[in-house]
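Report on one structure; see the data block that follows.
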Amino acid sequence: MKYVIVLGDGMADRPLEELQGMTPLEYAKTPNMDKLAAAGEIGMVHTIPDGMSPGSDTANLSVLGYDPKIYYSGRSPLEALSIGVDMKPTDVSLRCNLVTLSEEEETYENRKILDHSSGEISTNDAAALLEAVRKELETDIYKFYVGTSYRHLLIWDQGKVMELTPPHDVLGQPIGQYLPKDEILHEMMKKSYDILKNHPINIERKKQGLNPANSCWFWGAGTRPELSSFQEKTGLSGAMVSAVDLLKGIAVGASMRNVLVDGANGGLHTNYEGKAQAAVDILVKENYDFVYVHVEAPDEMGHQGSVEKKVQAIQYLDERVIAPIKSGLEQAGEPFRMLVMPDHPTPISIRTHTGDDVPYLLYDSTEIQSNAWKYNEKEAAQSLNRIAKGCEMIDYLIGK
């Protein structure tokens, strides 16, 4: 038996007037997910432990079977694992987003975050901008590392773990009250704006109508994580297919195989087909037991507040990931169980994460059922199936 999780990051949502009272998942044309739902099981699962922040870090750890209350040590350290940063026990890692701030205000503190991803900036452009910051601000104590797109790292030697606000939680708001209380971090963010605002890359981006990446934003602080092996935990050889450093870092920490896909970028126009083919190949040709296919696009479109693009991202997931994985495994004659779900909701109406329950879809190719369900939040809740602890979902998938 082969096992697959297809994770549509932030795919769950709330009913929207623009969609006649439906959610994006309910409104989107998803014939493949609906067909699986009619032949399988749907329900709701609580992925975020009560009292914990509803991030992709805690949620994806939970879906993979790692109780965040036990294993979570911060978001950024997981990304450090992916990038290959060898953290000392005394290091603190912080996520360093390249964000777009408004520029018309007189003071840094009065500026607003317009875009947490700087228009999904390319890694090449971001690396050049971060190099300019590094030359001015890096010391023996604070070191910068390039990640993917707008997602980068700051490693703080002998640092302190502190509460820092994710930039996607304050979109459109003046940033003053959300800046770090630590004076050095605050000043570094402020100086980064002075370094970046007139950088040639940002001048060119504005000419092209693109959002400039004109400031660093620090958040997600934590210490080096200690995850147990996924294979020891489940008995399954596992692989991760994701464009996002966070997920790749979780895989490194869990001693899973990271499968890199050309053109996979975490955006709306990622290489969906490449991800699907990579999943089939790792299961069939390389005989792995389990693959986790993570698609970031629904979450990014939720943060952007784009109803149309979030619906499109969900439809792409259905047509260009789920359908070819199912077809590929069937053609190979492999029996399989597939779990489709979000990690958390990213409602369009608030453009950030919530800890609400999310809908799951579980399909077993060897136990075809017959019902009238479609896969969405409303019908999943109506099914009355509910899993109270997200970290138990992996055992449910593999039939333990």
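By order in the structure tokens, chains are A, B, ...; within a chain, residues start at 1; ligands start at 1, following the order shown.
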
* Asked: Which neighbours of Arg224 in chain A fall inside 9 Å, counting only C-alpha atoms, when residues of the same chain fewer than 3 positions from it are skipped, and could you give them as a PyMOL selection string?
  -> chain A and resi 73-74+77-78+80-81+86-93

Produce a table with one row for each residue of range 160-214 of chain A that has an atom at most 7 Å from any atom of range 131-148 of chain A, each row naming the nearest atom pair and its distance in Å at one decimal; use only C-alpha atoms; arrange rows by chain and rising residue number; format as a Markdown table.
| residue | atom | partner | partner_atom | distance |
| --- | --- | --- | --- | --- |
| A:Met188 | CA | A:Leu137 | CA | 7.0 |
| A:Ser192 | CA | A:Val133 | CA | 6.1 |
| A:Ile195 | CA | A:Val133 | CA | 6.6 |

Could the residues in this selection be written to a file with N, CA, C and O atoms, as a CSV table (one decimal), in the first residue's frame?
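Wrote out.csv, looks like this:
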chain,number,residue,atom,x,y,z
A,188,MET,N,17.7,47.4,12.9
A,188,MET,CA,18.1,46.7,11.6
A,188,MET,C,17.0,46.8,10.6
A,188,MET,O,17.2,47.0,9.4
A,192,SER,N,17.2,48.6,7.0
A,192,SER,CA,17.0,47.8,5.8
A,192,SER,C,16.2,48.6,4.8
A,192,SER,O,16.4,48.5,3.6
A,195,ILE,N,18.3,51.0,3.0
A,195,ILE,CA,19.2,50.3,2.1
A,195,ILE,C,18.5,49.9,0.8
A,195,ILE,O,19.0,50.0,-0.3

* Hey, what's within 7 Å of range 330-340 of chain A if we count only C-alpha atoms and toss same-chain stuff fewer than 5 positions away? As a ChimeraX atom specification, please? -> /A:1-7,360-366,397

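Across A:Met162, A:Cys96, A:Val170, A:Ala254, the tightest approach to Ala126 in chain A is made by A:Cys96 when counting only C-alpha atoms.
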
May I have all residues of range 193-393 of chain A that DSSP, computed from the backbone, assigns to strand (DSSP E or B), given as a PDB file with N, CA and C atoms, in the first residue's frame?
ATOM      1  N   SER A 215      11.874  46.369   2.554  1.00  0.00           N
ATOM      2  CA  SER A 215      12.225  46.260   3.974  1.00  0.00           C
ATOM      3  C   SER A 215      12.330  44.800   4.387  1.00  0.00           C
ATOM      4  N   CYS A 216      13.198  44.544   5.351  1.00  0.00           N
ATOM      5  CA  CYS A 216      13.213  43.247   6.026  1.00  0.00           C
ATOM      6  C   CYS A 216      12.152  43.252   7.123  1.00  0.00           C
ATOM      7  N   TRP A 217      11.632  42.073   7.419  1.00  0.00           N
ATOM      8  CA  TRP A 217      10.680  41.932   8.529  1.00  0.00           C
ATOM      9  C   TRP A 217      11.027  40.643   9.272  1.00  0.00           C
ATOM     10  N   PHE A 218      11.391  40.782  10.546  1.00  0.00           N
ATOM     11  CA  PHE A 218      11.812  39.637  11.346  1.00  0.00           C
ATOM     12  C   PHE A 218      10.638  39.056  12.128  1.00  0.00           C
ATOM     13  N   TRP A 219      10.545  37.717  12.137  1.00  0.00           N
ATOM     14  CA  TRP A 219       9.494  37.040  12.919  1.00  0.00           C
ATOM     15  C   TRP A 219       9.838  35.548  13.008  1.00  0.00           C
ATOM     16  N   GLY A 220       8.984  34.777  13.701  1.00  0.00           N
ATOM     17  CA  GLY A 220       9.134  33.328  13.741  1.00  0.00           C
ATOM     18  C   GLY A 220      10.362  32.839  14.477  1.00  0.00           C
ATOM     19  N   ALA A 221      10.759  33.520  15.548  1.00  0.00           N
ATOM     20  CA  ALA A 221      11.999  33.170  16.247  1.00  0.00           C
ATOM     21  C   ALA A 221      11.904  31.814  16.936  1.00  0.00           C
ATOM     22  N   GLY A 222      13.056  31.103  16.966  1.00  0.00           N
ATOM     23  CA  GLY A 222      13.077  29.831  17.668  1.00  0.00           C
ATOM     24  C   GLY A 222      14.467  29.234  17.711  1.00  0.00           C
ATOM     25  N   GLY A 238       9.558   7.911   3.852  1.00  0.00           N
ATOM     26  CA  GLY A 238       8.782   9.085   3.459  1.00  0.00           C
ATOM     27  C   GLY A 238       9.565  10.103   2.662  1.00  0.00           C
ATOM     28  N   ALA A 239       8.846  10.840   1.806  1.00  0.00           N
ATOM     29  CA  ALA A 239       9.453  11.889   0.988  1.00  0.00           C
ATOM     30  C   ALA A 239       8.553  13.113   0.981  1.00  0.00           C
ATOM     31  N   MET A 240       9.177  14.276   0.813  1.00  0.00           N
ATOM     32  CA  MET A 240       8.484  15.561   0.781  1.00  0.00           C
ATOM     33  C   MET A 240       8.658  16.204  -0.581  1.00  0.00           C
ATOM     34  N   VAL A 241       7.544  16.683  -1.157  1.00  0.00           N
ATOM     35  CA  VAL A 241       7.581  17.455  -2.398  1.00  0.00           C
ATOM     36  C   VAL A 241       7.009  18.829  -2.078  1.00  0.00           C
ATOM     37  N   ARG A 257      13.115  12.194   2.749  1.00  0.00           N
ATOM     38  CA  ARG A 257      13.746  12.594   1.494  1.00  0.00           C
ATOM     39  C   ARG A 257      13.075  13.865   0.963  1.00  0.00           C
ATOM     40  N   ASN A 258      13.851  14.861   0.595  1.00  0.00           N
ATOM     41  CA  ASN A 258      13.327  16.046  -0.074  1.00  0.00           C
ATOM     42  C   ASN A 258      13.468  15.855  -1.584  1.00  0.00           C
ATOM     43  N   PHE A 290       5.556   6.534   1.314  1.00  0.00           N
ATOM     44  CA  PHE A 290       4.720   7.706   1.636  1.00  0.00           C
ATOM     45  C   PHE A 290       5.293   8.950   0.982  1.00  0.00           C
ATOM     46  N   VAL A 291       4.410   9.805   0.470  1.00  0.00           N
ATOM     47  CA  VAL A 291       4.851  11.094  -0.052  1.00  0.00           C
ATOM     48  C   VAL A 291       3.885  12.184   0.405  1.00  0.00           C
ATOM     49  N   TYR A 292       4.449  13.320   0.730  1.00  0.00           N
ATOM     50  CA  TYR A 292       3.690  14.493   1.197  1.00  0.00           C
ATOM     51  C   TYR A 292       3.863  15.571   0.136  1.00  0.00           C
ATOM     52  N   VAL A 293       2.796  15.904  -0.561  1.00  0.00           N
ATOM     53  CA  VAL A 293       2.857  16.895  -1.637  1.00  0.00           C
ATOM     54  C   VAL A 293       2.220  18.189  -1.125  1.00  0.00           C
ATOM     55  N   HIS A 294       3.051  19.195  -0.952  1.00  0.00           N
ATOM     56  CA  HIS A 294       2.606  20.471  -0.376  1.00  0.00           C
ATOM     57  C   HIS A 294       2.491  21.511  -1.472  1.00  0.00           C
ATOM     58  N   VAL A 295       1.337  22.181  -1.546  1.00  0.00           N
ATOM     59  CA  VAL A 295       1.102  23.232  -2.537  1.00  0.00           C
ATOM     60  C   VAL A 295       0.754  24.520  -1.794  1.00  0.00           C
ATOM     61  N   PHE A 336      -3.454   2.319  -3.069  1.00  0.00           N
ATOM     62  CA  PHE A 336      -3.008   3.500  -2.332  1.00  0.00           C
ATOM     63  C   PHE A 336      -4.137   4.090  -1.504  1.00  0.00           C
ATOM     64  N   ARG A 337      -3.727   4.834  -0.480  1.00  0.00           N
ATOM     65  CA  ARG A 337      -4.637   5.665   0.317  1.00  0.00           C
ATOM     66  C   ARG A 337      -4.161   7.108   0.178  1.00  0.00           C
ATOM     67  N   MET A 338      -5.091   7.998  -0.181  1.00  0.00           N
ATOM     68  CA  MET A 338      -4.764   9.410  -0.396  1.00  0.00           C
ATOM     69  C   MET A 338      -5.574  10.278   0.556  1.00  0.00           C
ATOM     70  N   LEU A 339      -4.871  11.173   1.250  1.00  0.00           N
ATOM     71  CA  LEU A 339      -5.498  12.155   2.128  1.00  0.00           C
ATOM     72  C   LEU A 339      -5.324  13.531   1.507  1.00  0.00           C
ATOM     73  N   VAL A 340      -6.421  14.245   1.302  1.00  0.00           N
ATOM     74  CA  VAL A 340      -6.400  15.611   0.785  1.00  0.00           C
ATOM     75  C   VAL A 340      -6.927  16.522   1.879  1.00  0.00           C
ATOM     76  N   MET A 341      -6.195  17.604   2.174  1.00  0.00           N
ATOM     77  CA  MET A 341      -6.646  18.520   3.228  1.00  0.00           C
ATOM     78  C   MET A 341      -5.826  19.800   3.205  1.00  0.00           C
ATOM     79  N   PRO A 345      -7.099  27.192   7.759  1.00  0.00           N
ATOM     80  CA  PRO A 345      -7.760  28.145   6.862  1.00  0.00           C
ATOM     81  C   PRO A 345      -6.932  29.421   6.716  1.00  0.00           C
ATOM     82  N   VAL A 358     -10.435  22.110   9.763  1.00  0.00           N
ATOM     83  CA  VAL A 358     -10.334  22.075   8.300  1.00  0.00           C
ATOM     84  C   VAL A 358     -10.931  20.771   7.776  1.00  0.00           C
ATOM     85  N   PRO A 359     -11.408  20.779   6.529  1.00  0.00           N
ATOM     86  CA  PRO A 359     -12.000  19.561   5.971  1.00  0.00           C
ATOM     87  C   PRO A 359     -10.929  18.604   5.448  1.00  0.00           C
ATOM     88  N   TYR A 360     -11.153  17.317   5.675  1.00  0.00           N
ATOM     89  CA  TYR A 360     -10.253  16.316   5.104  1.00  0.00           C
ATOM     90  C   TYR A 360     -11.034  15.389   4.171  1.00  0.00           C
ATOM     91  N   LEU A 361     -10.318  14.778   3.268  1.00  0.00           N
ATOM     92  CA  LEU A 361     -10.858  13.795   2.330  1.00  0.00           C
ATOM     93  C   LEU A 361      -9.915  12.603   2.340  1.00  0.00           C
ATOM     94  N   LEU A 362     -10.436  11.418   2.658  1.00  0.00           N
ATOM     95  CA  LEU A 362      -9.627  10.207   2.700  1.00  0.00           C
ATOM     96  C   LEU A 362     -10.184   9.193   1.703  1.00  0.00           C
ATOM     97  N   TYR A 363      -9.323   8.770   0.779  1.00  0.00           N
ATOM     98  CA  TYR A 363      -9.717   7.832  -0.280  1.00  0.00           C
ATOM     99  C   TYR A 363      -8.821   6.606  -0.231  1.00  0.00           C
ATOM    100  N   ASP A 364      -9.435   5.432  -0.300  1.00  0.00           N
ATOM    101  CA  ASP A 364      -8.708   4.163  -0.321  1.00  0.00           C
ATOM    102  C   ASP A 364      -9.054   3.444  -1.617  1.00  0.00           C
ATOM    103  N   ARG A 386     -15.186  13.704  12.755  1.00  0.00           N
ATOM    104  CA  ARG A 386     -14.273  14.720  13.276  1.00  0.00           C
ATOM    105  C   ARG A 386     -13.106  14.061  13.990  1.00  0.00           C
ATOM    106  N   ILE A 387     -11.919  14.536  13.694  1.00  0.00           N
ATOM    107  CA  ILE A 387     -10.706  14.103  14.383  1.00  0.00           C
ATOM    108  C   ILE A 387     -10.225  15.283  15.221  1.00  0.00           C
TER     109      ILE A 387
END

* To do: Please identify which residues in range 128-293 of chain A DSSP calls helix (DSSP H, G or I) from the backbone, and express them as an NGL selection string.
  => :A and (128-137 or 167-169 or 176-178 or 183-196 or 200-207 or 230-234 or 245-253 or 272-284)

* Tell me, as a ChimeraX atom specification, which residues lie within 12 Å of Met22 in chain A, counting only C-alpha atoms; anything in the same chain fewer than 2 positions away does not count. => /A:12-20,24-28,307,311,376-379

Expected file contents, prior selection, N, CA, C and O atoms, as a tab-separated table (two decimals), in the first residue's frame:
chain	number	residue	atom	x	y	z
A	12	ALA	N	-8.72	26.07	3.10
A	12	ALA	CA	-10.01	26.29	3.75
A	12	ALA	C	-10.29	27.77	3.92
A	12	ALA	O	-9.38	28.59	4.00
A	13	ASP	N	-11.58	28.11	4.00
A	13	ASP	CA	-11.97	29.53	4.03
A	13	ASP	C	-13.34	29.65	4.68
A	13	ASP	O	-13.86	28.68	5.26
A	14	ARG	N	-13.91	30.84	4.57
A	14	ARG	CA	-15.25	31.13	5.08
A	14	ARG	C	-16.15	31.52	3.92
A	14	ARG	O	-15.66	31.94	2.87
A	15	PRO	N	-17.49	31.40	4.10
A	15	PRO	CA	-18.40	31.81	3.02
A	15	PRO	C	-18.20	33.27	2.63
A	15	PRO	O	-17.98	34.13	3.49
A	16	LEU	N	-18.27	33.53	1.33
A	16	LEU	CA	-18.03	34.86	0.80
A	16	LEU	C	-19.22	35.34	-0.02
A	16	LEU	O	-19.77	34.58	-0.83
A	17	GLU	N	-19.58	36.61	0.17
A	17	GLU	CA	-20.68	37.18	-0.62
A	17	GLU	C	-20.36	37.12	-2.11
A	17	GLU	O	-21.25	36.88	-2.93
A	18	GLU	N	-19.09	37.35	-2.46
A	18	GLU	CA	-18.69	37.36	-3.88
A	18	GLU	C	-18.92	36.00	-4.54
A	18	GLU	O	-19.01	35.90	-5.76
A	19	LEU	N	-19.03	34.95	-3.72
A	19	LEU	CA	-19.22	33.59	-4.24
A	19	LEU	C	-20.59	33.05	-3.86
A	19	LEU	O	-20.77	31.84	-3.68
A	20	GLN	N	-21.55	33.95	-3.74
A	20	GLN	CA	-22.94	33.57	-3.42
A	20	GLN	C	-23.03	32.77	-2.12
A	20	GLN	O	-23.79	31.80	-2.01
A	24	PRO	N	-14.32	29.45	-1.25
A	24	PRO	CA	-13.60	29.17	-2.50
A	24	PRO	C	-13.54	27.68	-2.84
A	24	PRO	O	-13.67	27.29	-4.00
A	25	LEU	N	-13.37	26.83	-1.82
A	25	LEU	CA	-13.32	25.39	-2.05
A	25	LEU	C	-14.67	24.86	-2.53
A	25	LEU	O	-14.75	23.99	-3.40
A	26	GLU	N	-15.74	25.40	-1.96
A	26	GLU	CA	-17.09	24.98	-2.36
A	26	GLU	C	-17.43	25.48	-3.76
A	26	GLU	O	-18.09	24.80	-4.54
A	27	TYR	N	-16.95	26.68	-4.09
A	27	TYR	CA	-17.28	27.32	-5.38
A	27	TYR	C	-16.44	26.75	-6.52
A	27	TYR	O	-16.91	26.64	-7.66
A	28	ALA	N	-15.19	26.40	-6.23
A	28	ALA	CA	-14.27	25.96	-7.27
A	28	ALA	C	-14.77	24.68	-7.95
A	28	ALA	O	-15.44	23.85	-7.32
A	307	VAL	N	-9.97	36.56	-4.33
A	307	VAL	CA	-10.95	35.47	-4.43
A	307	VAL	C	-10.71	34.68	-5.71
A	307	VAL	O	-10.66	33.44	-5.70
A	311	VAL	N	-9.55	30.64	-5.88
A	311	VAL	CA	-10.36	29.64	-6.57
A	311	VAL	C	-9.52	28.95	-7.65
A	311	VAL	O	-9.54	27.73	-7.79
A	376	ASN	N	-15.86	19.82	0.54
A	376	ASN	CA	-15.80	21.22	0.94
A	376	ASN	C	-16.07	21.32	2.43
A	376	ASN	O	-16.41	20.33	3.09
A	377	GLU	N	-15.92	22.50	2.98
A	377	GLU	CA	-16.06	22.70	4.42
A	377	GLU	C	-17.47	22.36	4.91
A	377	GLU	O	-17.63	21.71	5.95
A	378	LYS	N	-18.47	22.79	4.17
A	378	LYS	CA	-19.87	22.62	4.58
A	378	LYS	C	-20.23	21.14	4.68
A	378	LYS	O	-20.76	20.68	5.70
A	379	GLU	N	-19.93	20.38	3.63
A	379	GLU	CA	-20.33	18.98	3.63
A	379	GLU	C	-19.45	18.15	4.55
A	379	GLU	O	-19.92	17.17	5.15

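Proximity ranking of A:Ala127, A:Arg351, A:Gly263, A:Ile325 relative to Pro167 in chain A places A:Arg351 first, based on only C-alpha atoms.
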
* Exercise: Ile201 in chain A partners within 12 Å, only C-alpha atoms, chain neighbours under 3 positions left out, as a PyMOL selection string -> chain A and resi 121-122+124-130+132+195-198+204-208+210-214

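Take the candidates A:Gly119, A:Pro324, A:Glu187, A:Val45 and check each one against Asn385 in chain A using only C-alpha atoms; the shortest distance goes to A:Val45.
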
* With a distance cut-off of 9 Å and only C-alpha atoms, select the neighbouring residues of Leu114 in chain A, excluding the residue or stretch itself and same-chain residues fewer than 4 positions from it, and output the selection as number ranges by chain. => A: 99-102, 118, 171-173, 211

* To do: For CA of Phe230 in chain A and CA of Asp318 in chain A, determine how far apart the two atoms are, in Å to one decimal place.
  => 27.0 Å

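We find CA of Asp194 in chain A and CA of His303 in chain A to be spaced 25.9 Å apart.
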
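In terms of minimum interatomic distance to Val259 in chain A, A:Ser82 ranks closest within A:Lys181, A:Ile203, A:Ser82, A:Glu232, counting only C-alpha atoms.
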
* Distance criterion (only C-alpha atoms): nearest to His186 in chain A out of A:Tyr72, A:Trp156, A:Tyr288, A:Tyr108 -> A:Tyr108

* Mind pulling up the distance from CA of Gly8 in chain A to CA of Asn60 in chain A? -> 10.8 Å

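Using only C-alpha atoms, the smallest distance between any of A:Ile70, A:Leu329, A:Ile348, A:Ile398 and Asp281 in chain A comes from A:Leu329.
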
* To do: Considering only C-alpha atoms, return as an MDAnalysis selection string whatever protein or nucleic-acid residues lie within 9 Å of Ser229 in chain A, sequence-local ones (same chain, fewer than 4 positions apart) excluded.
  => chainID A and resid 233:234 253:256
